[in-house]
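Source file: entry34.csv; contents: CSV, C-alpha atoms.
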chain,number,residue,atom,x,y,z
U,26,MET,CA,124.5,-14.7,-116.6
U,27,ARG,CA,123.2,-12.2,-119.0
U,28,ILE,CA,123.5,-12.5,-122.8
U,29,ILE,CA,122.9,-9.7,-125.3
U,30,ALA,CA,122.5,-10.7,-128.9
U,31,VAL,CA,123.0,-8.0,-131.5
U,32,SER,CA,122.5,-8.1,-135.3
U,33,ALA,CA,122.5,-5.4,-138.0
U,34,THR,CA,120.5,-7.4,-140.5
U,35,LEU,CA,118.3,-10.1,-138.7
U,36,PRO,CA,114.8,-9.7,-140.1
U,37,ASN,CA,112.9,-11.8,-137.5
U,38,VAL,CA,114.1,-10.5,-134.1
U,39,ALA,CA,110.7,-11.1,-132.4
U,40,GLN,CA,110.6,-14.7,-133.5
U,41,LEU,CA,114.2,-15.3,-132.3
U,42,ALA,CA,113.5,-13.6,-129.0
U,43,SER,CA,110.5,-15.9,-128.5
U,44,PHE,CA,112.6,-19.0,-129.4
U,45,VAL,CA,115.3,-18.2,-126.8
U,46,GLU,CA,112.6,-17.3,-124.3
U,47,SER,CA,113.8,-13.7,-124.0
U,48,GLY,CA,111.5,-11.2,-122.3
U,49,GLU,CA,112.5,-8.3,-124.6
U,50,ALA,CA,113.5,-7.6,-128.2
U,51,PHE,CA,114.3,-4.2,-129.7
U,52,ALA,CA,114.5,-3.1,-133.3
U,53,PHE,CA,116.2,0.2,-134.2
U,54,ASP,CA,115.5,1.9,-137.5
U,55,ILE,CA,117.9,3.9,-139.6
U,56,SER,CA,117.2,7.1,-137.5
U,57,TYR,CA,119.5,5.6,-134.8
U,58,ARG,CA,122.5,5.4,-137.1
U,59,PRO,CA,125.3,7.6,-135.8
U,60,VAL,CA,126.4,8.5,-139.3
U,61,PRO,CA,123.5,9.6,-141.6
U,62,LEU,CA,123.1,7.4,-144.7
U,63,LYS,CA,121.3,8.3,-147.8
U,64,THR,CA,120.2,5.4,-150.0
U,65,HIS,CA,119.3,5.7,-153.7
U,66,VAL,CA,117.8,2.9,-155.8
U,67,VAL,CA,118.6,3.5,-159.4
U,68,ALA,CA,116.6,1.7,-162.1
U,69,CYS,CA,118.8,0.8,-165.1
U,70,GLY,CA,116.1,-0.4,-167.5
U,71,PHE,CA,114.2,-3.6,-167.9
U,72,ALA,CA,115.9,-6.9,-167.4
U,73,GLY,CA,113.9,-8.8,-170.0
U,74,THR,CA,114.6,-12.5,-170.5
U,75,ASN,CA,118.4,-12.3,-170.7
U,76,ARG,CA,119.4,-11.5,-167.1
U,77,TYR,CA,123.1,-12.1,-168.0
U,78,MET,CA,123.2,-9.3,-170.6
U,79,PHE,CA,121.3,-6.9,-168.3
U,80,ASP,CA,123.8,-7.5,-165.5
U,81,LYS,CA,126.7,-7.1,-167.9
U,82,ASN,CA,125.3,-3.8,-169.2
U,83,LEU,CA,125.2,-2.4,-165.7
U,84,ASP,CA,129.0,-1.8,-166.0
U,85,LYS,CA,128.5,1.2,-168.3
U,86,HIS,CA,126.4,3.0,-165.7
U,87,VAL,CA,129.0,2.7,-162.9
U,88,PRO,CA,131.4,5.6,-163.9
U,89,GLN,CA,128.6,8.2,-164.0
U,90,LEU,CA,127.2,7.0,-160.7
U,91,LEU,CA,130.7,7.3,-159.1
U,92,ARG,CA,131.0,10.9,-160.5
U,93,ARG,CA,127.5,11.8,-159.3
U,94,PHE,CA,127.7,10.4,-155.8
U,95,SER,CA,131.3,10.0,-154.6
U,96,SER,CA,132.0,13.7,-154.0
U,97,GLY,CA,135.6,12.7,-154.8
U,98,ARG,CA,135.9,10.4,-151.9
U,99,PRO,CA,136.6,6.6,-151.8
U,100,ALA,CA,134.0,4.2,-153.1
U,101,ILE,CA,133.3,0.5,-153.0
U,102,VAL,CA,131.4,-1.2,-155.8
U,103,PHE,CA,130.0,-4.6,-154.8
U,104,CYS,CA,129.8,-7.2,-157.6
U,105,HIS,CA,128.5,-10.7,-157.4
U,106,SER,CA,131.3,-12.7,-158.8
U,107,LYS,CA,135.1,-12.7,-158.7
U,108,LYS,CA,135.3,-12.3,-162.5
U,109,ASP,CA,133.0,-9.3,-162.3
U,110,THR,CA,135.2,-7.5,-159.8
U,111,MET,CA,138.2,-7.8,-162.1
U,112,GLN,CA,136.5,-6.9,-165.3
U,113,LEU,CA,134.8,-3.8,-163.8
U,114,ALA,CA,138.1,-2.7,-162.2
U,115,GLU,CA,139.9,-2.9,-165.4
U,116,GLU,CA,137.2,-1.0,-167.2
U,117,LEU,CA,137.2,1.7,-164.6
U,118,THR,CA,140.9,2.3,-165.2
U,119,LYS,CA,139.8,3.6,-168.6
U,120,SER,CA,136.5,5.3,-167.8
U,121,TYR,CA,136.9,6.7,-164.3
U,122,SER,CA,139.8,8.6,-162.7
U,123,ASN,CA,140.1,10.7,-159.6
U,124,PHE,CA,143.8,11.4,-159.5
U,125,SER,CA,143.5,14.8,-158.0
U,126,ARG,CA,143.1,13.4,-154.5
U,127,LEU,CA,145.5,10.4,-154.9
U,128,ASP,CA,149.2,10.0,-154.1
U,129,THR,CA,150.6,8.8,-157.4
U,130,SER,CA,153.9,7.9,-155.7
U,131,ALA,CA,152.2,5.7,-153.2
U,132,LEU,CA,150.1,4.1,-156.0
U,133,MET,CA,153.3,3.1,-157.8
U,134,ASN,CA,154.7,1.6,-154.6
U,135,PHE,CA,151.5,-0.5,-154.1
U,136,SER,CA,151.6,-1.5,-157.7
U,137,TYR,CA,155.2,-2.9,-157.5
U,138,LYS,CA,154.2,-5.1,-154.6
U,139,ALA,CA,151.2,-6.7,-156.4
U,140,SER,CA,151.8,-10.2,-157.7
U,141,THR,CA,149.7,-10.0,-161.0
U,142,ALA,CA,150.0,-7.7,-163.9
U,143,SER,CA,146.2,-7.1,-163.8
U,144,LEU,CA,146.2,-5.9,-160.2
U,145,GLN,CA,149.4,-3.8,-160.9
U,146,GLY,CA,147.7,-2.0,-163.7
U,147,CYS,CA,144.6,-1.2,-161.7
U,148,LEU,CA,146.6,0.0,-158.7
U,149,ARG,CA,148.6,2.4,-160.8
U,150,LYS,CA,145.3,4.1,-161.8
U,151,GLY,CA,143.9,4.2,-158.3
U,152,ILE,CA,141.5,1.3,-158.8
U,153,ALA,CA,141.6,-2.1,-157.2
U,154,TYR,CA,139.6,-5.3,-156.8
U,155,HIS,CA,139.1,-7.6,-153.9
U,156,HIS,CA,137.7,-11.2,-153.7
U,157,ALA,CA,138.4,-14.4,-151.9
U,158,GLY,CA,140.4,-15.9,-154.8
U,159,LEU,CA,143.1,-13.2,-154.5
U,160,ASP,CA,146.5,-14.2,-153.0
U,161,ALA,CA,146.5,-13.4,-149.3
U,162,ASP,CA,149.3,-10.9,-149.7
U,163,ASP,CA,147.5,-9.2,-152.5
U,164,ARG,CA,144.3,-8.9,-150.4
U,165,LYS,CA,146.2,-7.4,-147.6
U,166,LEU,CA,147.9,-5.0,-150.0
U,167,VAL,CA,144.6,-3.9,-151.5
U,168,GLU,CA,143.1,-3.4,-148.0
U,169,GLU,CA,146.1,-1.3,-147.0
U,170,ALA,CA,145.9,0.8,-150.1
U,171,PHE,CA,142.2,1.5,-149.7
U,172,SER,CA,142.3,2.2,-146.0
U,173,SER,CA,145.1,4.7,-146.5
U,174,GLY,CA,143.0,6.6,-148.9
U,175,ASN,CA,145.0,5.8,-152.0
U,176,ILE,CA,142.2,3.9,-153.9
U,177,ALA,CA,139.4,5.9,-155.6
U,178,CYS,CA,137.3,2.9,-156.2
U,179,LEU,CA,137.5,-0.7,-155.0
U,180,CYS,CA,135.5,-3.4,-156.8
U,181,ALA,CA,134.7,-6.2,-154.4
U,182,THR,CA,132.5,-9.3,-153.8
U,183,SER,CA,130.1,-9.4,-150.9
U,184,THR,CA,132.6,-11.3,-148.7
U,185,LEU,CA,134.2,-7.9,-148.1
U,186,ALA,CA,131.0,-6.7,-146.4
U,187,MET,CA,131.0,-9.6,-144.0
U,188,GLY,CA,134.5,-9.7,-142.7
U,189,VAL,CA,136.9,-6.9,-143.5
U,190,ASN,CA,136.3,-3.5,-142.0
U,191,LEU,CA,137.0,-1.2,-144.9
U,192,PRO,CA,134.7,1.9,-144.5
U,193,SER,CA,133.8,3.9,-147.5
U,194,HIS,CA,131.9,7.2,-148.2
U,195,LEU,CA,130.1,5.6,-151.1
U,196,VAL,CA,128.8,2.1,-151.7
U,197,ILE,CA,127.4,1.0,-155.0
U,198,ILE,CA,125.7,-2.4,-155.3
U,199,LYS,CA,126.0,-3.4,-159.0
U,200,GLY,CA,122.8,-5.5,-159.6
U,201,THR,CA,120.4,-7.2,-157.3
U,202,SER,CA,120.7,-10.7,-158.6
U,203,ALA,CA,123.5,-13.2,-158.8
U,204,TYR,CA,124.0,-16.3,-160.9
U,205,ARG,CA,123.9,-19.4,-158.7
U,206,GLY,CA,124.8,-22.2,-161.1
U,207,ALA,CA,123.1,-24.1,-163.9
U,208,GLY,CA,120.5,-25.6,-161.7
U,209,ASN,CA,119.4,-22.4,-160.0
U,210,GLY,CA,120.0,-19.6,-162.6
U,211,HIS,CA,119.9,-16.0,-161.4
U,212,GLN,CA,118.5,-15.4,-157.9
U,213,ASP,CA,117.9,-12.2,-156.0
U,214,ILE,CA,120.4,-11.4,-153.3
U,215,ASP,CA,118.9,-11.7,-149.9
U,216,ALA,CA,118.0,-8.7,-147.8
U,217,GLY,CA,120.5,-9.4,-145.1
U,218,THR,CA,123.4,-9.4,-147.6
U,219,LEU,CA,122.1,-6.2,-149.2
U,220,LEU,CA,122.0,-4.4,-145.8
U,221,GLN,CA,125.5,-5.6,-144.9
U,222,MET,CA,126.8,-4.1,-148.1
U,223,ILE,CA,124.9,-0.9,-147.6
U,224,GLY,CA,126.2,-0.7,-144.1
U,225,ARG,CA,129.8,-0.2,-145.3
U,226,ALA,CA,129.0,3.4,-146.3
U,227,GLY,CA,129.5,6.2,-143.8
U,228,ARG,CA,131.1,4.4,-140.9
U,229,PRO,CA,131.4,6.1,-137.5
U,230,GLY,CA,134.8,7.6,-136.9
U,231,PHE,CA,135.6,7.8,-140.6
U,232,ASP,CA,132.9,10.0,-142.1
U,233,THR,CA,130.1,12.4,-141.3
U,234,SER,CA,127.7,11.0,-143.9
U,235,GLY,CA,127.4,8.0,-146.2
U,236,THR,CA,125.8,7.3,-149.5
U,237,ALA,CA,124.6,3.9,-150.9
U,238,VAL,CA,123.4,3.3,-154.5
U,239,ILE,CA,121.5,0.1,-155.4
U,240,MET,CA,121.5,-0.6,-159.2
U,241,THR,CA,118.6,-2.7,-160.2
U,242,ASP,CA,116.0,-3.2,-163.0
U,243,SER,CA,112.9,-1.0,-163.3
U,244,GLN,CA,110.5,-3.7,-162.1
U,245,SER,CA,112.4,-4.3,-158.9
U,246,GLN,CA,113.0,-0.6,-158.0
U,247,ARG,CA,110.1,-0.3,-155.6
U,248,ARG,CA,110.9,-3.5,-153.8
U,249,TYR,CA,114.5,-2.5,-153.0
U,250,GLU,CA,113.4,1.0,-152.0
U,251,ASN,CA,111.2,-0.7,-149.4
U,252,ILE,CA,114.1,-3.0,-148.2
U,253,SER,CA,116.7,-0.3,-148.0
U,254,HIS,CA,114.5,2.0,-146.0
U,255,GLY,CA,113.3,-0.7,-143.6

Any chance you could give the structure as structure tokens?
Amino acid sequence: MRIIAVSATLPNVAQLASFVESGEAFAFDISYRPVPLKTHVVACGFAGTNRYMFDKNLDKHVPQLLRRFSSGRPAIVFCHSKKDTMQLAEELTKSYSNFSRLDTSALMNFSYKASTASLQGCLRKGIAYHHAGLDADDRKLVEEAFSSGNIACLCATSTLAMGVNLPSHLVIIKGTSAYRGAGNGHQDIDAGTLLQMIGRAGRPGFDTSGTAVIMTDSQSQRRYENISHG
């Protein structure tokens, strides 16, 4: 019996190959990607001592990044909490619009089917949010609306990068740290999760190129440039 193990994000392939007593291990860099991906790491100032306020202030940079990098095509903005996805989506209904490419009739139909007033209001504007706390029918509705090209921007938690295959031209990662509770405070997101999220941009069969934008603080910019470029 032969077994081939494949991972898009595993950092220690040689160590794992040695553990399973494999004779070979191969690592493929970004040049092997079938759809070219351009990654930008954007420094949004200094975090200082109040990480919560720094992360909250990242919201105001998102609309301009969408306009700069989306080329009018669908975008996913990854946030690090359920609450963040909802708050950002509701803010984008006021500060970002891309109706020229959207079917307003279809958006109204999707909106009528949503179970909450918040999601209904976002869908009418071509914006949506997605997280594990959503009703299963609402999650399916949002996925259908996005995959059919009727959502300009989807705000989602990282669980979307792990399970649901929703390809996007542009992926924005809003911040590189997440609050892990009173005992742990803010912690940097791990490289594997970061790469999973980036990998949603420019999927084969859906696009000819992809763009990923990582929003971080000035002190961390170089580190995430090194991670994103392997």

Practice item. Could you please determine the separation between CA of Glu169 in chain U and CA of Leu83 in chain U in Å, to one decimal place? Key: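 Rounded to one decimal, the two atoms are 28.1 Å apart.
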
**Study point:** Pairwise distance for CA of Thr182 in chain U and CA of Pro61 in chain U, rounded to one decimal in Å
**Key:**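 Calculated distance between CA of Thr182 in chain U and CA of Pro61 in chain U is 24.2 Å.
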
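For the choices U:Gln145, U:Glu49, U:Ala139, U:Pro88, the atom-to-atom distance to Ala161 in chain U is smallest for U:Ala139 when using all atoms listed in the file.
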
Check your understanding: Looking at all atoms listed in the file, which of U:Ala181, U:Ser140, U:Phe171, U:Val66 is the one that sits closest to Thr110 in chain U?
Key -> U:Ala181

For Met133 in chain U, list every protein, DNA or RNA residue within 10 Å, evaluated using all atoms listed in the file, and leave out those in the same chain fewer than 2 positions away; present the list as a PDB file with C-alpha atoms, in the frame of the given file.
ATOM      1  CA  ASP U 128     149.200  10.000-154.100  1.00  0.00           C
ATOM      2  CA  THR U 129     150.600   8.800-157.400  1.00  0.00           C
ATOM      3  CA  SER U 130     153.900   7.900-155.700  1.00  0.00           C
ATOM      4  CA  ALA U 131     152.200   5.700-153.200  1.00  0.00           C
ATOM      5  CA  PHE U 135     151.500  -0.500-154.100  1.00  0.00           C
ATOM      6  CA  SER U 136     151.600  -1.500-157.700  1.00  0.00           C
ATOM      7  CA  TYR U 137     155.200  -2.900-157.500  1.00  0.00           C
ATOM      8  CA  LYS U 138     154.200  -5.100-154.600  1.00  0.00           C
ATOM      9  CA  GLN U 145     149.400  -3.800-160.900  1.00  0.00           C
ATOM     10  CA  GLY U 146     147.700  -2.000-163.700  1.00  0.00           C
ATOM     11  CA  LEU U 148     146.600   0.000-158.700  1.00  0.00           C
ATOM     12  CA  ARG U 149     148.600   2.400-160.800  1.00  0.00           C
ATOM     13  CA  LYS U 150     145.300   4.100-161.800  1.00  0.00           C
ATOM     14  CA  GLY U 151     143.900   4.200-158.300  1.00  0.00           C
TER      15      GLY U 151
END

With all atoms listed in the file as the counted atoms, please give the residues lying no more than 10 Å from range 203-216 of chain U, apart from itself and same-chain residues fewer than 2 positions off, as a PDB file with C-alpha atoms, in the frame of the given file.
ATOM      1  CA  THR U  34     120.500  -7.400-140.500  1.00  0.00           C
ATOM      2  CA  LEU U  35     118.300 -10.100-138.700  1.00  0.00           C
ATOM      3  CA  PRO U  36     114.800  -9.700-140.100  1.00  0.00           C
ATOM      4  CA  ARG U  76     119.400 -11.500-167.100  1.00  0.00           C
ATOM      5  CA  TYR U  77     123.100 -12.100-168.000  1.00  0.00           C
ATOM      6  CA  ASP U  80     123.800  -7.500-165.500  1.00  0.00           C
ATOM      7  CA  CYS U 104     129.800  -7.200-157.600  1.00  0.00           C
ATOM      8  CA  HIS U 105     128.500 -10.700-157.400  1.00  0.00           C
ATOM      9  CA  SER U 106     131.300 -12.700-158.800  1.00  0.00           C
ATOM     10  CA  GLY U 200     122.800  -5.500-159.600  1.00  0.00           C
ATOM     11  CA  THR U 201     120.400  -7.200-157.300  1.00  0.00           C
ATOM     12  CA  THR U 218     123.400  -9.400-147.600  1.00  0.00           C
ATOM     13  CA  LEU U 219     122.100  -6.200-149.200  1.00  0.00           C
ATOM     14  CA  LEU U 220     122.000  -4.400-145.800  1.00  0.00           C
ATOM     15  CA  GLN U 221     125.500  -5.600-144.900  1.00  0.00           C
ATOM     16  CA  MET U 222     126.800  -4.100-148.100  1.00  0.00           C
ATOM     17  CA  TYR U 249     114.500  -2.500-153.000  1.00  0.00           C
ATOM     18  CA  ILE U 252     114.100  -3.000-148.200  1.00  0.00           C
ATOM     19  CA  SER U 253     116.700  -0.300-148.000  1.00  0.00           C
TER      20      SER U 253
END

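Across U:Val38, U:Leu62, U:Met78, U:Cys69, the tightest approach to Ala226 in chain U is made by U:Leu62 when counting all atoms listed in the file.
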
Point to revise | Within 10 Å of range 162-168 of chain U using all atoms listed in the file, minus same-chain residues under 6 positions, as an MDAnalysis selection string | key: chainID U and resid 135:136 138:141 144 148 152:156 175:176 179 185 189:191

**Study point:** Point (117.8, 8.6, -152.3), cut-off 9 Å, counting all atoms listed in the file, residues as an NGL selection string
**Key:** :U and (63-67 or 236-238 or 250)

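Summary of the local environment: counting all atoms listed in the file, residues at most 9 Å from Ser96 in chain U, other than itself and those fewer than 4 positions away along its chain, are U:Leu91, U:Arg92, U:His194, U:Leu195.
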
Check your understanding: So which one's closest to Ala177 in chain U, U:Gly73, U:Gly97, U:Gly217, U:Gly235? Using only C-alpha atoms, please.
Key ->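 Smallest separation from Ala177 in chain U among the options: U:Gly97.
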
Practice item. Find the residues around Gln246 in chain U up to 9 Å (all atoms listed in the file counted), leave out those fewer than 5 positions away in its own chain, and share them as JSON, numbers by chain. Key: {"U": [66, 67, 68, 239, 240, 241, 251]}

Check your understanding: Interatomic distance between CA of Ser122 in chain U and CA of Phe103 in chain U?
Key ->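 Those two atoms sit 18.2 Å apart.
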